[in-house]
Amino acid sequence: MTPPPAESVAAMIRPGPTLPDSQVNRDILRVMEGTSAGYWLLVLIAAGFVGLAGGIWIWQVYEGLGIAGYQHPIFWGAYIVTFVFWVGIAHAGTLISAILYLFRAKWRNAINRSAEVMTVIAVLTAAQFLGIHVGRIWKSYFILPYPNQRALWVNFKSPLLWDTFAISTYLTISVLFLFVGLIPDFAVARDRAAGWRKLLYSLLAGGWQGTARQWKAHNRSVLHLSGLATPLVLSVHSVVSWDFAMTIVPGWHATVFGPYFVAGAIFSGFAMVLTVMIPVRRIYGLEEYITDYHLDNMSKFLLLTSTIVSYAYLSEYFIAWYGGVEAEQTSFWMRAFGPYWISTWIMILCNGVFPQLLWISKLRTNVPFLFVLSVLINIGMWFERYVIIITGLSREYNPAVWGVYTPSYPELGIVAGSFGFFALFFLLLLKIVPMVAIAEVKETVIHRRMHDEGAH
Amino acid sequence: MPRLRGSYDRPDRIAEAITQLKGRGYTDLETYAPAPFPEVDNAVIEKPSPVRLFTLVGGLTGVVTGYALTIWMANDWQIMLGGKPFTSIPPYTIIAFELTILFGGVLTVLGLFGVGRLYPRKLDAAYEPRFSAEEFGLVVRCRERDVAEIEALMRGHGAVEVTLVES
């Protein structure tokens, strides 16, 4: 393909919306106004799933973890799979907000807010699974280092404790990041709202007027938070992967796990951003803001991370063969051809093969295709964690203790409930939080207007 | 003392006006902007925001806390494992790293609240909702006799409108 002329490349680099400025406020605040019957129906369905999962969970607290189908040798089941899945989803927001901010990739400002919101909800969803998985929820605070009568401290050499610190830091920082970015937009909403919304946004915007002092402090804070969040986002999923890699279980004990998990997390996170934003963009008419250009860029990210993940799959098999450890070789043979072969091939097809279609440039902006692909990737990434965790545990060193696990109905109910929780939270925030970063879009728009007037 | 408010539709024009006003000795300035523009913000305040010191202090406190917490706890209740030392720096580095980020981030945001005076309060009398739409506001506090000069200067640099806020 011949490269496009220089002017059109310049237009692609700065693709800001072509609308007059206050139009930006109207378009984006309109998403928060009014609720249709369809909206409430979705809220009701999502709340129904949350209620179902809540009921099952209460039953599990009463009966014990036995109803989750845990039995020897597999004590890490669907709960941990889903925990890792949601932590993974949480990575796109920080990648888009922090890393692309540091790289000055301006196209991020159409999607960063929604991705940040998803990050916060996904971490909250993931965190619940730790409580669900431990069974005795009333003792879950034991994981925190607090002075107690037994004079015991937690074991700081355990990856599970690193995880506690990593996840709680990640939750805190992503909430702060989201909130700091929202302050100027809350002020926009405050200046245009009435009633209880006026009160809410006045509290949240906290006297924001866009003075030079405030903008300078704001820019500096966003820069520093990005600088802090970048190593954090890389560390969080590395730490999650060490929960597995620090053990001696065949299939888990691999040094590649850190980068492998981080790439997979970004991959699944971008897929989830597409799954959620494609309908939102359509329903609320945000095509002016989330353009084909953004879809194209996100597709390229999917393609890149899919390729990294595929490389990790191949390198795992290569090392298993080349390392010559019999237990490792058996574990990987069983992965592809043992009782879990369906899961393995779903994972390889959805994460490694289908995304390669994105090499075709027309498909990168084909909205229905991207939506279907993003859903397939979400499924594939859930199965990736399932394959890693379950096949590892089911085929350890001694064939006498091999076993097969299938998720029980209560587990599946709670997993479904986690999707309901994610959807419910997102639907509610859709009506409270501006889903496109207004101030950042406006910056682009004003620059563009000046450019049109010949100021630059 | 009276306050004059000029509104602008372009950041480069308001930035020029600020530079001119400052050159003539009017330093009691305030701007309202719908989006961050370095040319405007730097024209009003030259120095970088003090928020950066908060991040530094927070980060350093975090790293010290992380190591101190882990090392002290490991030695307060000693558990012998394979004859290895009680204090094991590599795993503790992970805790220290996470706390560096946590404390640094929290203090950065507290710094933003403090420096930007971001807490529920009454807005300035000169602030208007249009400054969160598309316009830029420039407010100058001056003596009665300077009003005419400032107004002329603001208009000369492309002010769309100049009004007297209070006197």
# chains A, B, ... in the order shown; residues from 1 in each chain; ligands from 1
>>> residues_around(residues="range 31-45 of chain B", least_positions_apart="3", cutoff="9 Å", atoms="only C-alpha atoms", output="PyMOL selection string")
(chain A and resi 184+188+209-213+215-216+218-219+438-443+446) or (chain B and resi 11-12+14-16+18-19+22+27+48-49+127-128+130-140)
>>> write_last_selection(atoms="N, CA and C atoms", output="short mmCIF file (atom, residue, chain, number, x, y, z; two decimals), in the first residue's frame")
data_model
loop_
_atom_site.label_atom_id
_atom_site.label_comp_id
_atom_site.auth_asym_id
_atom_site.auth_seq_id
_atom_site.Cartn_x
_atom_site.Cartn_y
_atom_site.Cartn_z
N PRO A 184 -12.14 18.31 36.60
CA PRO A 184 -12.59 19.38 35.70
C PRO A 184 -13.93 19.05 35.02
N VAL A 188 -17.67 20.92 34.90
CA VAL A 188 -18.52 21.17 33.73
C VAL A 188 -19.95 20.75 34.04
N GLN A 209 -12.24 25.77 39.25
CA GLN A 209 -12.61 26.87 38.35
C GLN A 209 -11.68 26.96 37.15
N GLY A 210 -10.74 26.03 37.08
CA GLY A 210 -9.81 26.06 35.96
C GLY A 210 -8.83 27.22 36.02
N THR A 211 -8.45 27.63 37.23
CA THR A 211 -7.46 28.70 37.33
C THR A 211 -6.08 28.15 36.95
N ALA A 212 -5.16 29.07 36.68
CA ALA A 212 -3.83 28.64 36.26
C ALA A 212 -3.19 27.76 37.32
N ARG A 213 -3.38 28.16 38.59
CA ARG A 213 -2.83 27.39 39.69
C ARG A 213 -3.41 25.98 39.72
N TRP A 215 -4.87 24.31 37.15
CA TRP A 215 -4.46 23.50 35.99
C TRP A 215 -3.02 23.05 36.12
N LYS A 216 -2.17 23.93 36.65
CA LYS A 216 -0.76 23.54 36.79
C LYS A 216 -0.64 22.38 37.78
N HIS A 218 -2.98 20.31 38.52
CA HIS A 218 -3.66 19.16 37.93
C HIS A 218 -2.75 18.44 36.94
N ASN A 219 -2.14 19.22 36.04
CA ASN A 219 -1.24 18.61 35.06
C ASN A 219 -0.10 17.88 35.73
N ILE A 438 -13.97 15.31 28.98
CA ILE A 438 -14.42 16.54 28.30
C ILE A 438 -13.27 17.52 28.13
N ALA A 439 -12.54 17.78 29.21
CA ALA A 439 -11.48 18.79 29.15
C ALA A 439 -10.42 18.41 28.12
N GLU A 440 -10.10 17.12 28.06
CA GLU A 440 -9.05 16.69 27.13
C GLU A 440 -9.49 16.79 25.69
N VAL A 441 -10.78 16.44 25.45
CA VAL A 441 -11.30 16.57 24.09
C VAL A 441 -11.32 18.04 23.69
N LYS A 442 -11.70 18.89 24.66
CA LYS A 442 -11.80 20.32 24.38
C LYS A 442 -10.45 20.92 24.02
N GLU A 443 -9.41 20.43 24.68
CA GLU A 443 -8.06 20.89 24.38
C GLU A 443 -7.76 20.67 22.89
N ILE A 446 -10.02 23.03 20.69
CA ILE A 446 -9.60 24.44 20.65
C ILE A 446 -8.34 24.59 19.80
N PRO B 11 -6.69 30.72 23.49
CA PRO B 11 -5.65 30.74 24.52
C PRO B 11 -4.45 31.63 24.17
N ASP B 12 -4.09 31.72 22.87
CA ASP B 12 -2.91 32.52 22.54
C ASP B 12 -3.17 34.00 22.81
N ILE B 14 -5.30 35.31 25.13
CA ILE B 14 -5.31 35.60 26.57
C ILE B 14 -3.88 35.55 27.11
N ALA B 15 -3.06 34.66 26.57
CA ALA B 15 -1.67 34.56 27.03
C ALA B 15 -0.92 35.86 26.72
N GLU B 16 -1.15 36.41 25.52
CA GLU B 16 -0.50 37.69 25.17
C GLU B 16 -0.95 38.79 26.12
N ILE B 18 -1.99 38.52 29.16
CA ILE B 18 -1.40 38.33 30.49
C ILE B 18 0.03 38.86 30.49
N THR B 19 0.80 38.50 29.46
CA THR B 19 2.20 38.94 29.41
C THR B 19 2.28 40.47 29.41
N LYS B 22 1.31 41.89 32.86
CA LYS B 22 2.38 41.67 33.82
C LYS B 22 3.53 42.62 33.56
N THR B 27 0.02 42.52 38.56
CA THR B 27 0.38 41.12 38.83
C THR B 27 -0.74 40.37 39.55
N PRO B 48 7.07 25.78 38.43
CA PRO B 48 6.31 24.53 38.39
C PRO B 48 5.48 24.36 39.68
N SER B 49 4.40 23.60 39.55
CA SER B 49 3.51 23.44 40.70
C SER B 49 4.20 22.72 41.85
N TYR B 127 -16.31 34.06 38.48
CA TYR B 127 -16.39 32.82 37.70
C TYR B 127 -17.78 32.65 37.12
N GLU B 128 -17.84 32.21 35.90
CA GLU B 128 -19.14 31.95 35.26
C GLU B 128 -19.10 30.62 34.52
N ARG B 130 -19.72 29.84 31.63
CA ARG B 130 -19.19 29.81 30.26
C ARG B 130 -17.69 29.50 30.24
N PHE B 131 -17.01 29.67 31.41
CA PHE B 131 -15.58 29.35 31.45
C PHE B 131 -15.34 27.85 31.55
N SER B 132 -16.42 27.08 31.75
CA SER B 132 -16.25 25.63 31.61
C SER B 132 -16.86 25.17 30.29
N ALA B 133 -17.16 26.11 29.41
CA ALA B 133 -17.67 25.72 28.09
C ALA B 133 -16.59 25.93 27.03
N GLU B 134 -16.44 27.19 26.59
CA GLU B 134 -15.47 27.39 25.51
C GLU B 134 -14.67 28.67 25.69
N GLU B 135 -14.98 29.46 26.71
CA GLU B 135 -14.31 30.75 26.84
C GLU B 135 -13.26 30.75 27.94
N PHE B 136 -12.33 31.67 27.80
CA PHE B 136 -11.28 31.86 28.80
C PHE B 136 -11.55 33.19 29.52
N GLY B 137 -11.40 33.19 30.84
CA GLY B 137 -11.62 34.43 31.59
C GLY B 137 -10.32 34.93 32.18
N LEU B 138 -10.18 36.27 32.18
CA LEU B 138 -8.98 36.87 32.78
C LEU B 138 -9.46 37.95 33.74
N VAL B 139 -9.13 37.80 35.01
CA VAL B 139 -9.58 38.75 36.02
C VAL B 139 -8.39 39.51 36.57
N VAL B 140 -8.47 40.83 36.57
CA VAL B 140 -7.37 41.66 37.08
C VAL B 140 -7.91 42.56 38.18
#
>>> residues_around(residues="Leu4 in chain B", least_positions_apart="4", cutoff="12 Å", atoms="only C-alpha atoms", output="VMD selection string")
chain B and resid 26 28 to 31 125 to 127 137 to 144 146 to 155 159 161 to 167
>>> write_last_selection(atoms="C-alpha atoms", output="mmCIF file, in the first residue's frame")
data_model
loop_
_atom_site.group_PDB
_atom_site.id
_atom_site.type_symbol
_atom_site.label_atom_id
_atom_site.label_comp_id
_atom_site.auth_asym_id
_atom_site.auth_seq_id
_atom_site.Cartn_x
_atom_site.Cartn_y
_atom_site.Cartn_z
ATOM 1 C CA TYR B 26 -0.460 44.344 37.075
ATOM 2 C CA ASP B 28 -2.869 40.372 40.713
ATOM 3 C CA LEU B 29 -4.253 38.134 37.961
ATOM 4 C CA GLU B 30 -6.510 35.118 37.806
ATOM 5 C CA THR B 31 -7.535 33.027 34.807
ATOM 6 C CA ALA B 125 -17.823 36.014 42.077
ATOM 7 C CA ALA B 126 -16.050 36.474 38.753
ATOM 8 C CA TYR B 127 -16.387 32.818 37.702
ATOM 9 C CA GLY B 137 -11.625 34.429 31.591
ATOM 10 C CA LEU B 138 -8.982 36.869 32.783
ATOM 11 C CA VAL B 139 -9.584 38.754 36.016
ATOM 12 C CA VAL B 140 -7.371 41.660 37.080
ATOM 13 C CA ARG B 141 -7.574 43.493 40.379
ATOM 14 C CA CYS B 142 -6.462 47.080 39.982
ATOM 15 C CA ARG B 143 -6.812 50.651 41.211
ATOM 16 C CA GLU B 144 -9.756 52.739 40.086
ATOM 17 C CA ASP B 146 -6.110 52.030 35.954
ATOM 18 C CA VAL B 147 -9.427 50.581 34.820
ATOM 19 C CA ALA B 148 -9.473 52.427 31.497
ATOM 20 C CA GLU B 149 -5.924 51.408 30.619
ATOM 21 C CA ILE B 150 -6.507 47.731 31.418
ATOM 22 C CA GLU B 151 -9.759 47.637 29.528
ATOM 23 C CA ALA B 152 -8.078 49.115 26.464
ATOM 24 C CA LEU B 153 -5.248 46.607 26.755
ATOM 25 C CA MET B 154 -7.596 43.644 27.122
ATOM 26 C CA ARG B 155 -9.631 44.695 24.128
ATOM 27 C CA ALA B 159 -11.015 40.262 24.430
ATOM 28 C CA GLU B 161 -16.022 41.227 26.294
ATOM 29 C CA VAL B 162 -14.728 43.246 29.260
ATOM 30 C CA THR B 163 -16.827 43.821 32.388
ATOM 31 C CA LEU B 164 -16.379 45.284 35.841
ATOM 32 C CA VAL B 165 -16.999 42.540 38.390
ATOM 33 C CA GLU B 166 -16.972 44.564 41.595
ATOM 34 C CA SER B 167 -15.666 47.837 42.884
#
>>> closest_residue(among="A:Ser140, A:Asn112, A:Gln71, A:Asn155", to="chain B", atoms="only C-alpha atoms")
A:Asn155
>>> closest_residue(among="B:Leu56, B:Thr93, B:Gly114, B:Gly82", to="Leu69 in chain B", atoms="only C-alpha atoms")
B:Thr93
>>> residues_around(residues="Phe156 in chain A", least_positions_apart="6", cutoff="8 Å", atoms="only C-alpha atoms", output="MDAnalysis selection string")
(chainID A and resid 162) or (chainID B and resid 70 74 91:92 95)
>>> closest_residue(among="B:Val115, B:Val64, B:Val106, B:Val51", to="Leu223 in chain A", atoms="only C-alpha atoms")
B:Val51
>>> atom_distance(atom1="CA of Ala271 in chain A", atom2="CA of Ser408 in chain A")
27.0 Å
>>> atom_distance(atom1="CA of Ser268 in chain A", atom2="CA of Thr307 in chain A")
12.8 Å
>>> residues_around(residues="Trp72 in chain B", least_positions_apart="6", cutoff="12 Å", atoms="only C-alpha atoms", output="list in words")
Pro145, Trp153, Val154 and Phe156 of chain A; Val64, Thr65, Gly66, Gln78, Phe86, Thr87, Ser88, Ile89 and Tyr92 of chain B
>>> residues_around(residues="Tyr119 in chain B", least_positions_apart="4", cutoff="9 Å", atoms="only C-alpha atoms", output="list in words")
Leu203, Leu204, Ala205, Gly206, Gly207 and Trp208 of chain A; Phe113 and Gly114 of chain B
>>> write_last_selection(atoms="C-alpha atoms", output="mmCIF file, in the first residue's frame")
data_model
loop_
_atom_site.group_PDB
_atom_site.id
_atom_site.type_symbol
_atom_site.label_atom_id
_atom_site.label_comp_id
_atom_site.auth_asym_id
_atom_site.auth_seq_id
_atom_site.Cartn_x
_atom_site.Cartn_y
_atom_site.Cartn_z
ATOM 1 C CA LEU A 203 -19.075 18.444 46.250
ATOM 2 C CA LEU A 204 -17.108 16.317 43.789
ATOM 3 C CA ALA A 205 -15.661 19.230 41.795
ATOM 4 C CA GLY A 206 -14.639 20.907 45.045
ATOM 5 C CA GLY A 207 -14.269 24.505 43.904
ATOM 6 C CA TRP A 208 -12.665 23.751 40.539
ATOM 7 C CA PHE B 113 -6.301 19.273 46.823
ATOM 8 C CA GLY B 114 -4.152 21.584 48.933
#
>>> select_by_dssp(residues="chain B", states="helix (DSSP H, G or I)", output="VMD selection string")
chain B and resid 11 to 23 38 to 44 51 to 76 89 to 115 129 to 132 144 to 156
>>> residues_around(residues="range 412-416 of chain A", least_positions_apart="3", cutoff="7 Å", atoms="only C-alpha atoms", output="PDB file with C-alpha atoms, in the first residue's frame")
ATOM      1  CA  PHE A  49     -27.401 -11.802  38.364  1.00  0.00           C
ATOM      2  CA  ALA A  53     -24.617 -14.687  43.046  1.00  0.00           C
ATOM      3  CA  ILE A  56     -25.310 -18.563  46.260  1.00  0.00           C
ATOM      4  CA  THR A  82     -12.270 -15.424  37.419  1.00  0.00           C
ATOM      5  CA  PRO A 407     -16.829 -26.057  37.731  1.00  0.00           C
ATOM      6  CA  SER A 408     -19.910 -26.697  39.847  1.00  0.00           C
ATOM      7  CA  TYR A 409     -23.208 -24.888  39.309  1.00  0.00           C
ATOM      8  CA  PHE A 419     -20.373 -10.151  35.037  1.00  0.00           C
ATOM      9  CA  GLY A 420     -23.674  -8.839  36.384  1.00  0.00           C
TER      10      GLY A 420
END
